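*Asks:* Here you go, this is model.pdb (PDB, C-alpha atoms and all ligand atoms).
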```pdb
ATOM      1  CA  MET A 285     101.312  84.229  59.813  1.00  0.00           C
ATOM      2  CA  ILE A 286     104.607  83.059  61.216  1.00  0.00           C
ATOM      3  CA  ASP A 287     105.470  79.511  62.151  1.00  0.00           C
ATOM      4  CA  HIS A 288     105.804  78.266  65.733  1.00  0.00           C
ATOM      5  CA  ASN A 289     109.588  78.269  65.661  1.00  0.00           C
ATOM      6  CA  THR A 290     109.972  81.882  64.573  1.00  0.00           C
ATOM      7  CA  TYR A 291     107.390  83.001  67.133  1.00  0.00           C
ATOM      8  CA  HIS A 292     109.140  81.140  69.925  1.00  0.00           C
ATOM      9  CA  THR A 293     112.531  82.497  68.861  1.00  0.00           C
ATOM     10  CA  ILE A 294     111.194  86.058  69.106  1.00  0.00           C
ATOM     11  CA  CYS A 295     109.523  85.246  72.447  1.00  0.00           C
ATOM     12  CA  THR A 296     112.762  83.825  73.841  1.00  0.00           C
ATOM     13  CA  THR A 297     114.728  86.937  72.851  1.00  0.00           C
ATOM     14  CA  VAL A 298     112.062  89.175  74.389  1.00  0.00           C
ATOM     15  CA  GLN A 299     111.982  87.126  77.608  1.00  0.00           C
ATOM     16  CA  GLN A 300     115.777  87.153  77.915  1.00  0.00           C
ATOM     17  CA  HIS A 301     115.497  90.943  78.143  1.00  0.00           C
ATOM     18  CA  HIS A 302     112.578  90.698  80.614  1.00  0.00           C
ATOM     19  CA  ALA A 303     110.425  92.541  78.105  1.00  0.00           C
ATOM     20  CA  THR A 304     106.824  92.063  76.976  1.00  0.00           C
ATOM     21  CA  LEU A 305     105.761  91.405  73.396  1.00  0.00           C
ATOM     22  CA  VAL A 306     102.691  93.211  72.095  1.00  0.00           C
ATOM     23  CA  ALA A 307     101.528  91.681  68.812  1.00  0.00           C
ATOM     24  CA  VAL A 308     100.315  94.527  66.593  1.00  0.00           C
ATOM     25  CA  SER A 309      97.313  93.106  64.758  1.00  0.00           C
ATOM     26  CA  LYS A 310      95.966  96.157  62.907  1.00  0.00           C
ATOM     27  CA  THR A 311      94.410  95.236  59.533  1.00  0.00           C
ATOM     28  CA  LYS A 312      94.907  91.526  60.350  1.00  0.00           C
ATOM     29  CA  SER A 313      92.026  89.055  60.390  1.00  0.00           C
ATOM     30  CA  LEU A 314      90.380  87.373  63.373  1.00  0.00           C
ATOM     31  CA  GLU A 315      91.851  84.086  62.117  1.00  0.00           C
ATOM     32  CA  ASP A 316      95.393  85.490  62.152  1.00  0.00           C
ATOM     33  CA  ILE A 317      94.927  86.738  65.705  1.00  0.00           C
ATOM     34  CA  GLN A 318      93.396  83.409  66.807  1.00  0.00           C
ATOM     35  CA  ALA A 319      96.379  81.560  65.394  1.00  0.00           C
ATOM     36  CA  LEU A 320      98.835  83.621  67.409  1.00  0.00           C
ATOM     37  CA  TYR A 321      96.572  83.346  70.453  1.00  0.00           C
ATOM     38  CA  HIS A 322      96.786  79.576  70.194  1.00  0.00           C
ATOM     39  CA  LEU A 323     100.578  79.828  70.274  1.00  0.00           C
ATOM     40  CA  GLY A 324     100.168  81.522  73.647  1.00  0.00           C
ATOM     41  CA  GLN A 325     100.172  85.220  72.730  1.00  0.00           C
ATOM     42  CA  ARG A 326      97.861  87.291  74.962  1.00  0.00           C
ATOM     43  CA  ASP A 327      98.935  90.930  74.416  1.00  0.00           C
ATOM     44  CA  PHE A 328      97.634  92.454  71.188  1.00  0.00           C
ATOM     45  CA  GLY A 329      97.841  96.051  69.954  1.00  0.00           C
ATOM     46  CA  GLU A 330      95.437  97.938  67.707  1.00  0.00           C
ATOM     47  CA  ASN A 331      95.489 101.437  66.182  1.00  0.00           C
ATOM     48  CA  TYR A 332      91.845 102.105  65.371  1.00  0.00           C
ATOM     49  CA  VAL A 333      88.971 102.188  67.864  1.00  0.00           C
ATOM     50  CA  GLN A 334      86.285 100.656  65.617  1.00  0.00           C
ATOM     51  CA  GLU A 335      88.542  97.837  64.486  1.00  0.00           C
ATOM     52  CA  LEU A 336      89.598  97.152  68.070  1.00  0.00           C
ATOM     53  CA  ILE A 337      86.010  96.929  69.322  1.00  0.00           C
ATOM     54  CA  HIS A 338      84.981  94.645  66.486  1.00  0.00           C
ATOM     55  CA  LYS A 339      87.864  92.259  67.231  1.00  0.00           C
ATOM     56  CA  LYS A 340      87.484  92.438  70.995  1.00  0.00           C
ATOM     57  CA  ASN A 341      83.843  91.337  70.731  1.00  0.00           C
ATOM     58  CA  LYS A 342      84.710  88.331  68.587  1.00  0.00           C
ATOM     59  CA  LEU A 343      87.889  87.075  70.278  1.00  0.00           C
ATOM     60  CA  PRO A 344      88.732  85.412  73.625  1.00  0.00           C
ATOM     61  CA  GLN A 345      88.076  87.632  76.608  1.00  0.00           C
ATOM     62  CA  ASP A 346      91.449  87.017  78.232  1.00  0.00           C
ATOM     63  CA  ILE A 347      93.274  88.966  75.517  1.00  0.00           C
ATOM     64  CA  ARG A 348      94.960  92.085  76.888  1.00  0.00           C
ATOM     65  CA  TRP A 349      94.221  94.850  74.386  1.00  0.00           C
ATOM     66  CA  HIS A 350      96.705  97.682  73.949  1.00  0.00           C
ATOM     67  CA  PHE A 351      95.766 100.891  72.182  1.00  0.00           C
ATOM     68  CA  ILE A 352      98.753 102.124  70.163  1.00  0.00           C
ATOM     69  CA  GLY A 353      97.220 104.495  67.597  1.00  0.00           C
ATOM     70  CA  HIS A 354      96.501 108.189  67.831  1.00  0.00           C
ATOM     71  CA  LEU A 355      93.546 108.466  70.225  1.00  0.00           C
ATOM     72  CA  GLN A 356      90.927 111.173  69.857  1.00  0.00           C
ATOM     73  CA  SER A 357      89.270 112.324  73.082  1.00  0.00           C
ATOM     74  CA  ASN A 358      85.777 111.625  71.768  1.00  0.00           C
ATOM     75  CA  LYS A 359      86.650 107.930  71.215  1.00  0.00           C
ATOM     76  CA  VAL A 360      87.949 107.191  74.702  1.00  0.00           C
ATOM     77  CA  LYS A 361      84.546 106.199  76.068  1.00  0.00           C
ATOM     78  CA  GLU A 362      84.311 103.342  73.571  1.00  0.00           C
ATOM     79  CA  ILE A 363      87.367 101.539  74.928  1.00  0.00           C
ATOM     80  CA  ALA A 364      87.319 102.640  78.578  1.00  0.00           C
ATOM     81  CA  SER A 365      85.589  99.528  79.928  1.00  0.00           C
ATOM     82  CA  PHE A 366      88.225  97.046  78.809  1.00  0.00           C
ATOM     83  CA  ILE A 367      91.460  98.600  77.502  1.00  0.00           C
ATOM     84  CA  HIS A 368      94.542  97.143  79.213  1.00  0.00           C
ATOM     85  CA  LEU A 369      97.058  99.877  78.355  1.00  0.00           C
ATOM     86  CA  ILE A 370      96.920 103.067  76.286  1.00  0.00           C
ATOM     87  CA  HIS A 371     100.378 103.746  74.805  1.00  0.00           C
ATOM     88  CA  THR A 372      99.655 107.058  73.142  1.00  0.00           C
ATOM     89  CA  VAL A 373      98.720 109.725  75.676  1.00  0.00           C
ATOM     90  CA  ASP A 374     100.083 112.953  74.258  1.00  0.00           C
ATOM     91  CA  SER A 375      98.172 115.692  76.086  1.00  0.00           C
ATOM     92  CA  TYR A 376      96.674 116.548  79.449  1.00  0.00           C
ATOM     93  CA  LYS A 377      93.306 117.012  77.730  1.00  0.00           C
ATOM     94  CA  LEU A 378      93.362 113.382  76.578  1.00  0.00           C
ATOM     95  CA  LEU A 379      94.539 112.166  79.989  1.00  0.00           C
ATOM     96  CA  LYS A 380      91.661 114.010  81.666  1.00  0.00           C
ATOM     97  CA  GLU A 381      89.147 112.427  79.328  1.00  0.00           C
ATOM     98  CA  ILE A 382      90.595 108.950  79.999  1.00  0.00           C
ATOM     99  CA  ASP A 383      90.318 109.677  83.733  1.00  0.00           C
ATOM    100  CA  LYS A 384      86.694 110.755  83.337  1.00  0.00           C
ATOM    101  CA  GLN A 385      85.680 107.690  81.336  1.00  0.00           C
ATOM    102  CA  ALA A 386      87.621 105.346  83.646  1.00  0.00           C
ATOM    103  CA  GLN A 387      85.777 106.778  86.623  1.00  0.00           C
ATOM    104  CA  LYS A 388      82.454 106.016  84.918  1.00  0.00           C
ATOM    105  CA  GLN A 389      83.636 102.425  84.523  1.00  0.00           C
ATOM    106  CA  ASN A 390      84.839 102.326  88.116  1.00  0.00           C
ATOM    107  CA  ARG A 391      88.367 101.430  87.072  1.00  0.00           C
ATOM    108  CA  VAL A 392      91.856 102.824  86.774  1.00  0.00           C
ATOM    109  CA  ILE A 393      93.319 102.855  83.248  1.00  0.00           C
ATOM    110  CA  ASN A 394      97.051 102.365  82.787  1.00  0.00           C
ATOM    111  CA  CYS A 395      98.638 104.868  80.397  1.00  0.00           C
ATOM    112  CA  LEU A 396     101.969 105.530  78.724  1.00  0.00           C
ATOM    113  CA  LEU A 397     103.020 109.025  77.732  1.00  0.00           C
ATOM    114  CA  GLN A 398     104.048 109.189  74.094  1.00  0.00           C
ATOM    115  CA  ILE A 399     107.265 111.105  73.522  1.00  0.00           C
ATOM    116  CA  ASN A 400     108.315 112.461  70.149  1.00  0.00           C
ATOM    117  CA  ILE A 401     111.872 111.216  69.655  1.00  0.00           C
ATOM    118  CA  ALA A 402     111.897 111.158  65.849  1.00  0.00           C
ATOM    119  CA  SER A 403     113.006 113.959  63.598  1.00  0.00           C
ATOM    120  CA  GLU A 404     110.044 113.556  61.270  1.00  0.00           C
ATOM    121  CA  GLU A 405     107.415 116.268  61.562  1.00  0.00           C
ATOM    122  CA  THR A 406     104.508 113.875  61.223  1.00  0.00           C
ATOM    123  CA  LYS A 407     105.139 111.750  64.310  1.00  0.00           C
ATOM    124  CA  PHE A 408     102.811 112.231  67.273  1.00  0.00           C
ATOM    125  CA  GLY A 409     103.979 112.636  70.829  1.00  0.00           C
ATOM    126  CA  MET A 410     105.114 115.263  73.301  1.00  0.00           C
ATOM    127  CA  ASP A 411     108.377 117.166  73.277  1.00  0.00           C
ATOM    128  CA  ALA A 412     110.429 117.758  76.442  1.00  0.00           C
ATOM    129  CA  LEU A 413     108.598 120.938  77.415  1.00  0.00           C
ATOM    130  CA  GLU A 414     105.154 119.428  76.965  1.00  0.00           C
ATOM    131  CA  LEU A 415     106.165 116.407  79.030  1.00  0.00           C
ATOM    132  CA  LYS A 416     107.449 118.619  81.836  1.00  0.00           C
ATOM    133  CA  ALA A 417     104.267 120.695  81.811  1.00  0.00           C
ATOM    134  CA  LEU A 418     102.037 117.609  81.903  1.00  0.00           C
ATOM    135  CA  ILE A 419     103.937 116.125  84.851  1.00  0.00           C
ATOM    136  CA  ASN A 420     103.715 119.443  86.708  1.00  0.00           C
ATOM    137  CA  THR A 421      99.980 119.522  86.150  1.00  0.00           C
ATOM    138  CA  ILE A 422      99.345 116.027  87.498  1.00  0.00           C
ATOM    139  CA  GLN A 423     101.577 116.764  90.493  1.00  0.00           C
ATOM    140  CA  THR A 424      99.414 119.706  91.471  1.00  0.00           C
ATOM    141  CA  ALA A 425      96.076 118.222  90.402  1.00  0.00           C
ATOM    142  CA  PRO A 426      96.290 114.402  90.538  1.00  0.00           C
ATOM    143  CA  LEU A 427      93.910 112.292  88.470  1.00  0.00           C
ATOM    144  CA  LEU A 428      92.609 109.288  90.391  1.00  0.00           C
ATOM    145  CA  HIS A 429      91.373 107.005  87.609  1.00  0.00           C
ATOM    146  CA  ILE A 430      94.479 106.880  85.451  1.00  0.00           C
ATOM    147  CA  ARG A 431      97.901 105.518  86.297  1.00  0.00           C
ATOM    148  CA  ILE A 432     100.939 106.656  84.356  1.00  0.00           C
ATOM    149  CA  VAL A 433     103.112 103.566  84.115  1.00  0.00           C
ATOM    150  CA  GLY A 434     105.668 104.431  81.456  1.00  0.00           C
ATOM    151  CA  LEU A 435     106.754 106.098  78.243  1.00  0.00           C
ATOM    152  CA  MET A 436     106.372 105.179  74.581  1.00  0.00           C
ATOM    153  CA  GLY A 437     108.214 106.355  71.490  1.00  0.00           C
ATOM    154  CA  MET A 438     108.796 105.600  67.830  1.00  0.00           C
ATOM    155  CA  ALA A 439     112.136 106.062  66.135  1.00  0.00           C
ATOM    156  CA  THR A 440     112.516 107.724  62.757  1.00  0.00           C
ATOM    157  CA  PHE A 441     111.682 105.458  59.821  1.00  0.00           C
ATOM    158  CA  THR A 442     115.191 105.043  58.432  1.00  0.00           C
ATOM    159  CA  THR A 443     117.797 102.409  57.678  1.00  0.00           C
ATOM    160  CA  ASN A 444     120.359 104.453  59.650  1.00  0.00           C
ATOM    161  CA  GLU A 445     120.808 102.265  62.721  1.00  0.00           C
ATOM    162  CA  ASN A 446     122.880 104.876  64.523  1.00  0.00           C
ATOM    163  CA  LYS A 447     120.097 107.394  64.269  1.00  0.00           C
ATOM    164  CA  ILE A 448     117.548 104.877  65.575  1.00  0.00           C
ATOM    165  CA  ARG A 449     119.862 103.943  68.437  1.00  0.00           C
ATOM    166  CA  GLN A 450     120.409 107.587  69.394  1.00  0.00           C
ATOM    167  CA  GLU A 451     116.667 108.216  69.462  1.00  0.00           C
ATOM    168  CA  PHE A 452     116.067 105.171  71.669  1.00  0.00           C
ATOM    169  CA  GLN A 453     118.897 106.306  73.953  1.00  0.00           C
ATOM    170  CA  LEU A 454     117.222 109.697  74.277  1.00  0.00           C
ATOM    171  CA  LEU A 455     113.941 108.041  75.255  1.00  0.00           C
ATOM    172  CA  LYS A 456     115.686 105.790  77.800  1.00  0.00           C
ATOM    173  CA  LYS A 457     117.440 108.823  79.290  1.00  0.00           C
ATOM    174  CA  THR A 458     114.117 110.667  79.554  1.00  0.00           C
ATOM    175  CA  PHE A 459     112.605 107.555  81.161  1.00  0.00           C
ATOM    176  CA  ASP A 460     115.384 107.347  83.768  1.00  0.00           C
ATOM    177  CA  ILE A 461     114.998 111.024  84.652  1.00  0.00           C
ATOM    178  CA  TYR A 462     111.203 110.929  84.930  1.00  0.00           C
ATOM    179  CA  LYS A 463     111.271 107.647  86.848  1.00  0.00           C
ATOM    180  CA  LYS A 464     112.531 109.648  89.817  1.00  0.00           C
ATOM    181  CA  VAL A 465     109.542 111.999  89.843  1.00  0.00           C
ATOM    182  CA  GLN A 466     107.082 111.492  92.680  1.00  0.00           C
ATOM    183  CA  ALA A 467     103.400 111.924  91.933  1.00  0.00           C
ATOM    184  CA  LYS A 468     100.146 110.218  92.749  1.00  0.00           C
ATOM    185  CA  ASN A 469      99.134 107.407  90.361  1.00  0.00           C
ATOM    186  CA  TYR A 470     102.497 107.738  88.697  1.00  0.00           C
ATOM    187  CA  ASN A 471     105.069 104.958  88.612  1.00  0.00           C
ATOM    188  CA  LEU A 472     107.181 104.552  85.488  1.00  0.00           C
ATOM    189  CA  GLN A 473     107.892 100.863  84.848  1.00  0.00           C
ATOM    190  CA  ILE A 474     107.292 100.406  81.129  1.00  0.00           C
ATOM    191  CA  LEU A 475     109.391 101.668  78.247  1.00  0.00           C
ATOM    192  CA  SER A 476     107.464 100.870  75.065  1.00  0.00           C
ATOM    193  CA  MET A 477     109.869 101.104  72.130  1.00  0.00           C
ATOM    194  CA  GLY A 478     110.792  98.877  69.216  1.00  0.00           C
ATOM    195  CA  MET A 479     108.899  97.598  66.162  1.00  0.00           C
ATOM    196  CA  SER A 480     109.597  94.878  63.579  1.00  0.00           C
ATOM    197  CA  SER A 481     112.525  96.662  61.965  1.00  0.00           C
ATOM    198  CA  ASP A 482     114.250  98.000  65.081  1.00  0.00           C
ATOM    199  CA  TYR A 483     113.305  95.781  68.002  1.00  0.00           C
ATOM    200  CA  THR A 484     116.760  94.303  68.575  1.00  0.00           C
ATOM    201  CA  ILE A 485     118.229  97.822  68.871  1.00  0.00           C
ATOM    202  CA  ALA A 486     115.346  98.751  71.195  1.00  0.00           C
ATOM    203  CA  LEU A 487     116.069  95.790  73.480  1.00  0.00           C
ATOM    204  CA  GLU A 488     119.754  96.700  73.599  1.00  0.00           C
ATOM    205  CA  GLU A 489     118.803 100.236  74.605  1.00  0.00           C
ATOM    206  CA  GLY A 490     116.501  99.217  77.440  1.00  0.00           C
ATOM    207  CA  SER A 491     113.047  98.615  75.984  1.00  0.00           C
ATOM    208  CA  THR A 492     110.662  96.690  78.240  1.00  0.00           C
ATOM    209  CA  MET A 493     107.789  96.443  75.754  1.00  0.00           C
ATOM    210  CA  LEU A 494     107.921  95.798  72.013  1.00  0.00           C
ATOM    211  CA  ARG A 495     105.147  96.507  69.541  1.00  0.00           C
ATOM    212  CA  ILE A 496     105.677  94.088  66.655  1.00  0.00           C
ATOM    213  CA  GLY A 497     103.338  93.657  63.714  1.00  0.00           C
ATOM    214  CA  SER A 498     104.650  92.671  60.305  1.00  0.00           C
ATOM    215  CA  LEU A 499     107.352  90.365  61.630  1.00  0.00           C
ATOM    216  CA  LEU A 500     104.637  88.216  63.266  1.00  0.00           C
ATOM    217  CA  PHE A 501     101.747  88.563  60.830  1.00  0.00           C
ATOM    218  CA  GLY A 502     103.461  89.350  57.547  1.00  0.00           C
ATOM    219  CA  LYS A 503     103.356  92.600  55.602  1.00  0.00           C
ATOM    220  CA  ARG A 504     100.207  94.741  55.772  1.00  0.00           C
ATOM    221  CA  ASP A 505      98.415  95.687  52.525  1.00  0.00           C
TER     222      ASP A 505
HETATM  223  C1  LIG B 601     101.905  99.561  63.203  1.00  0.00           C
HETATM  224  C2  LIG B 601     102.613  99.929  64.449  1.00  0.00           C
HETATM  225  C3  LIG B 601     103.586  99.082  65.019  1.00  0.00           C
HETATM  226  C4  LIG B 601     104.050  97.788  64.382  1.00  0.00           C
HETATM  227  O1  LIG B 601     104.757  98.039  63.215  1.00  0.00           O
HETATM  228  P1  LIG B 601     105.563  96.845  62.466  1.00  0.00           P
HETATM  229  O2  LIG B 601     106.598  97.550  61.690  1.00  0.00           O
HETATM  230  O3  LIG B 601     104.569  96.131  61.616  1.00  0.00           O
HETATM  231  O4  LIG B 601     106.128  95.973  63.513  1.00  0.00           O
HETATM  232  C5  LIG B 601     104.159  99.473  66.225  1.00  0.00           C
HETATM  233  N1  LIG B 601     103.815 100.616  66.832  1.00  0.00           N
HETATM  234  C6  LIG B 601     102.891 101.456  66.328  1.00  0.00           C
HETATM  235  C7  LIG B 601     102.553 102.700  67.054  1.00  0.00           C
HETATM  236  C8  LIG B 601     102.266 101.147  65.111  1.00  0.00           C
HETATM  237  O5  LIG B 601     101.365 101.999  64.604  1.00  0.00           O
END
```
Now, as a test, write the supplied structure out as structure tokens.

*Replies:*
Amino acid sequence: MIDHNTYHTICTTVQQHHATLVAVSKTKSLEDIQALYHLGQRDFGENYVQELIHKKNKLPQDIRWHFIGHLQSNKVKEIASFIHLIHTVDSYKLLKEIDKQAQKQNRVINCLLQINIASEETKFGMDALELKALINTIQTAPLLHIRIVGLMGMATFTTNENKIRQEFQLLKKTFDIYKKVQAKNYNLQILSMGMSSDYTIALEEGSTMLRIGSLLFGKRD
């Protein structure tokens, strides 16, 4: 766990850019999360549904939980009652399932569309064509229990800062273009990009939401 000063330094930088800090707590203990909570942190991100539910049940109820891992359709119902923001919507099928489960809970779930900006084959997210097709679909057949509030992306895992910057610039450009689109339950406000190793570049390139894990909690095993 980090000390107060480091946490507040990161918070100050994030606030200067009018961005939001999501503390990525995957694999970290309840005690670690509590400690950061007591420093004032309220937004936490998790990658795995079972781990998220376990932690949610044991931690303060005013935590805003973000889902940032790859989400399988059959798991949506387990988080639909409480999830604050799903960062990783990468198909219309998944969006429809979120809509269905949100309706059952009588709520509207905020979602980000995950865009594949990295060159690595393994990264999840939609390419430009898939994004266009998804937007077309929701324009013709709006979903009433989801709200698309932004985009999310992960840069290539590399030490090449130029490459990272170019990928973030591509995501920001996509964000600016799709911000202009009119559709029901669609209002792009959030650009979720930047992790421990690249968050300063992300802020420079227009990020409004950072997902930071190891810098706050220490390395994961
Ligand atoms: C684990 C993870 C993070 C945080 O990574 P760090 O390098 O520890 O900051 C951010 N975003 C996603 C999608 C992750 O899976």

*Asks:* List as an MDAnalysis selection string the protein and nucleic acid residues lying within 7 Å of ligand LIG 601 (chain B), with only C-alpha atoms and all ligand atoms counted.

*Replies:* chainID A and resid 308 310 331 352:353 438 479:481 495:499

*Asks:* Between A:Leu415, A:Ile432, A:Ile399, A:Ile422, which has the minimum distance to Glu451 (chain A) (counting all atoms listed in the file)?

*Replies:*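 Going through A:Leu415, A:Ile432, A:Ile399, A:Ile422 one by one, the smallest distance to Glu451 (chain A) is for A:Ile399.
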
*Asks:* So which one's closest to His301 (chain A), A:Leu494, A:Ile347, A:Val433, A:Ala412? Using all atoms listed in the file, please.

*Replies:*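 Among the listed residues, the smallest separation from His301 (chain A) belongs to A:Leu494.
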
*Asks:* Of the candidates A:Ser375, A:Asn400, A:Gln453, A:Gln318, which shows the shortest atom-to-atom distance to Leu343 (chain A), using only C-alpha atoms?

*Replies:*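 Ranked by minimum distance to Leu343 (chain A), first place goes to A:Gln318.
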
*Asks:* Suppose a student applies the PyMOL selection byres (((chain A and resi 437) around 7) and not hetatm) to this structure; what residues should they get, written as a ChimeraX atom specification?

*Replies:* /A:398-401,435-436,438-439,476-477

*Asks:* I'd like the neighbourhood of Glu488 (chain A) as a list of chain:residue names, where a residue qualifies if any of its atoms comes within 10 Å (using all atoms listed in the file), though same-chain residues fewer than 2 positions away should be ignored.

*Replies:* A:His301, A:Arg449, A:Phe452, A:Gln453, A:Tyr483, A:Thr484, A:Ile485, A:Ala486, A:Gly490, A:Ser491

*Asks:* In Å to one decimal, how far is CA of Ser403 (chain A) from CA of Ala307 (chain A)?

*Replies:*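 Separation of CA of Ala307 (chain A) and CA of Ser403 (chain A): 25.6 Å.
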
*Asks:* Which one of A:Ile367, A:Ile294, A:Val392, A:Ile430 sits closest to Asp346 (chain A) if you count all atoms listed in the file?

*Replies:*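 Of the candidates, the smallest distance to Asp346 (chain A) is held by A:Ile367.
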
*Asks:* As a PyMOL selection string, please: the residues near Leu314 (chain A) (cut-off 10 Å, only C-alpha atoms, same-chain neighbours under 6 positions excluded).

*Replies:* chain A and resi 338-340+342-343

*Asks:* Check the smallest atom-to-atom distance from each of A:Leu500, A:Ile461, A:Ala425, A:Ala467 to Ala319 (chain A) using only C-alpha atoms, then report the winner.

*Replies:*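 Among the listed residues, the smallest separation from Ala319 (chain A) belongs to A:Leu500.
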
*Asks:* When the PyMOL selection byres (((chain A and resi 349) around 9) and not hetatm) is applied to the file above, which residues end up in the set, as an mmCIF file with C-alpha atoms, keeping the file's coordinate frame?

*Replies:*
```cif
data_model
loop_
_atom_site.group_PDB
_atom_site.id
_atom_site.type_symbol
_atom_site.label_atom_id
_atom_site.label_comp_id
_atom_site.auth_asym_id
_atom_site.auth_seq_id
_atom_site.Cartn_x
_atom_site.Cartn_y
_atom_site.Cartn_z
ATOM 1 C CA VAL A 306 102.691 93.211 72.095
ATOM 2 C CA ARG A 326 97.861 87.291 74.962
ATOM 3 C CA ASP A 327 98.935 90.930 74.416
ATOM 4 C CA PHE A 328 97.634 92.454 71.188
ATOM 5 C CA GLY A 329 97.841 96.051 69.954
ATOM 6 C CA GLU A 330 95.437 97.938 67.707
ATOM 7 C CA LEU A 336 89.598 97.152 68.070
ATOM 8 C CA LYS A 340 87.484 92.438 70.995
ATOM 9 C CA ILE A 347 93.274 88.966 75.517
ATOM 10 C CA ARG A 348 94.960 92.085 76.888
ATOM 11 C CA HIS A 350 96.705 97.682 73.949
ATOM 12 C CA PHE A 351 95.766 100.891 72.182
ATOM 13 C CA PHE A 366 88.225 97.046 78.809
ATOM 14 C CA ILE A 367 91.460 98.600 77.502
ATOM 15 C CA HIS A 368 94.542 97.143 79.213
ATOM 16 C CA LEU A 369 97.058 99.877 78.355
ATOM 17 C CA ILE A 370 96.920 103.067 76.286
#
```

*Asks:* Report the distance between CA of Glu445 (chain A) and CA of Glu489 (chain A) in Å, rounded to one decimal place.

*Replies:*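 Between CA of Glu445 (chain A) and CA of Glu489 (chain A) the gap is 12.2 Å.
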
*Asks:* Decode the PyMOL selection byres (((chain A and resi 420) around 12) and not hetatm) for the given file into explicit residues and return them as a ChimeraX atom specification.

*Replies:* /A:376,413-419,421-426,462,465-468,470

*Asks:* Please indicate the distance in Å from CA of Thr290 (chain A) to CA of Thr311 (chain A), rounded to one decimal place.

*Replies:* 21.1 Å

*Asks:* Which centre and which edge lengths, in Å to one decimal, describe the axis-aligned box that holds all listed atoms of region 309-324 of chain A after 6 Å is added on each side, as lines of an AutoDock Vina configuration file?

*Replies:*
```
center_x = 95.5
center_y = 87.9
center_z = 66.6
size_x = 22.2
size_y = 28.6
size_z = 26.1
```

*Asks:* Would you please work out which residue, of A:Thr458, A:Thr297, A:Asn471, A:Thr304, is nearest to Met410 (chain A) when using all atoms listed in the file?

*Replies:*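 Looking only at the distances to Met410 (chain A), the closest residue turns out to be A:Thr458.
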
*Asks:* Because the input lacks atoms here, generate N, CA, C and O atoms for region 391-402 of chain A and report them as a PDB file, keeping the file's coordinate frame.

*Replies:*
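See part_24.pdb below for the written result:
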```pdb
ATOM      1  N   ARG A 391      87.057 102.063  87.173  1.00  0.00           N
ATOM      2  CA  ARG A 391      88.367 101.430  87.072  1.00  0.00           C
ATOM      3  C   ARG A 391      89.480 102.468  86.919  1.00  0.00           C
ATOM      4  O   ARG A 391      89.204 103.653  86.753  1.00  0.00           O
ATOM      5  N   VAL A 392      90.687 101.974  86.994  1.00  0.00           N
ATOM      6  CA  VAL A 392      91.856 102.824  86.774  1.00  0.00           C
ATOM      7  C   VAL A 392      92.505 102.349  85.479  1.00  0.00           C
ATOM      8  O   VAL A 392      92.775 101.155  85.316  1.00  0.00           O
ATOM      9  N   ILE A 393      92.736 103.243  84.535  1.00  0.00           N
ATOM     10  CA  ILE A 393      93.319 102.855  83.248  1.00  0.00           C
ATOM     11  C   ILE A 393      94.807 103.198  83.222  1.00  0.00           C
ATOM     12  O   ILE A 393      95.210 104.334  83.487  1.00  0.00           O
ATOM     13  N   ASN A 394      95.607 102.184  82.902  1.00  0.00           N
ATOM     14  CA  ASN A 394      97.051 102.365  82.787  1.00  0.00           C
ATOM     15  C   ASN A 394      97.392 103.073  81.477  1.00  0.00           C
ATOM     16  O   ASN A 394      96.863 102.727  80.412  1.00  0.00           O
ATOM     17  N   CYS A 395      98.288 104.051  81.562  1.00  0.00           N
ATOM     18  CA  CYS A 395      98.638 104.868  80.397  1.00  0.00           C
ATOM     19  C   CYS A 395     100.145 105.027  80.265  1.00  0.00           C
ATOM     20  O   CYS A 395     100.869 105.089  81.262  1.00  0.00           O
ATOM     21  N   LEU A 396     100.595 105.128  79.015  1.00  0.00           N
ATOM     22  CA  LEU A 396     101.969 105.530  78.724  1.00  0.00           C
ATOM     23  C   LEU A 396     101.921 106.913  78.084  1.00  0.00           C
ATOM     24  O   LEU A 396     101.000 107.219  77.329  1.00  0.00           O
ATOM     25  N   LEU A 397     102.911 107.721  78.373  1.00  0.00           N
ATOM     26  CA  LEU A 397     103.020 109.025  77.732  1.00  0.00           C
ATOM     27  C   LEU A 397     103.859 108.865  76.478  1.00  0.00           C
ATOM     28  O   LEU A 397     104.966 108.309  76.525  1.00  0.00           O
ATOM     29  N   GLN A 398     103.317 109.324  75.358  1.00  0.00           N
ATOM     30  CA  GLN A 398     104.048 109.189  74.094  1.00  0.00           C
ATOM     31  C   GLN A 398     104.973 110.380  73.897  1.00  0.00           C
ATOM     32  O   GLN A 398     104.544 111.536  73.931  1.00  0.00           O
ATOM     33  N   ILE A 399     106.237 110.074  73.678  1.00  0.00           N
ATOM     34  CA  ILE A 399     107.265 111.105  73.522  1.00  0.00           C
ATOM     35  C   ILE A 399     107.731 111.127  72.074  1.00  0.00           C
ATOM     36  O   ILE A 399     107.980 110.081  71.475  1.00  0.00           O
ATOM     37  N   ASN A 400     107.836 112.313  71.525  1.00  0.00           N
ATOM     38  CA  ASN A 400     108.315 112.461  70.149  1.00  0.00           C
ATOM     39  C   ASN A 400     109.839 112.449  70.143  1.00  0.00           C
ATOM     40  O   ASN A 400     110.473 113.422  70.539  1.00  0.00           O
ATOM     41  N   ILE A 401     110.410 111.324  69.704  1.00  0.00           N
ATOM     42  CA  ILE A 401     111.872 111.216  69.655  1.00  0.00           C
ATOM     43  C   ILE A 401     112.396 111.281  68.228  1.00  0.00           C
ATOM     44  O   ILE A 401     113.589 111.365  67.987  1.00  0.00           O
ATOM     45  N   ALA A 402     111.485 111.205  67.253  1.00  0.00           N
ATOM     46  CA  ALA A 402     111.897 111.158  65.849  1.00  0.00           C
ATOM     47  C   ALA A 402     112.031 112.558  65.279  1.00  0.00           C
ATOM     48  O   ALA A 402     111.435 113.510  65.773  1.00  0.00           O
TER      49      ALA A 402
END
```
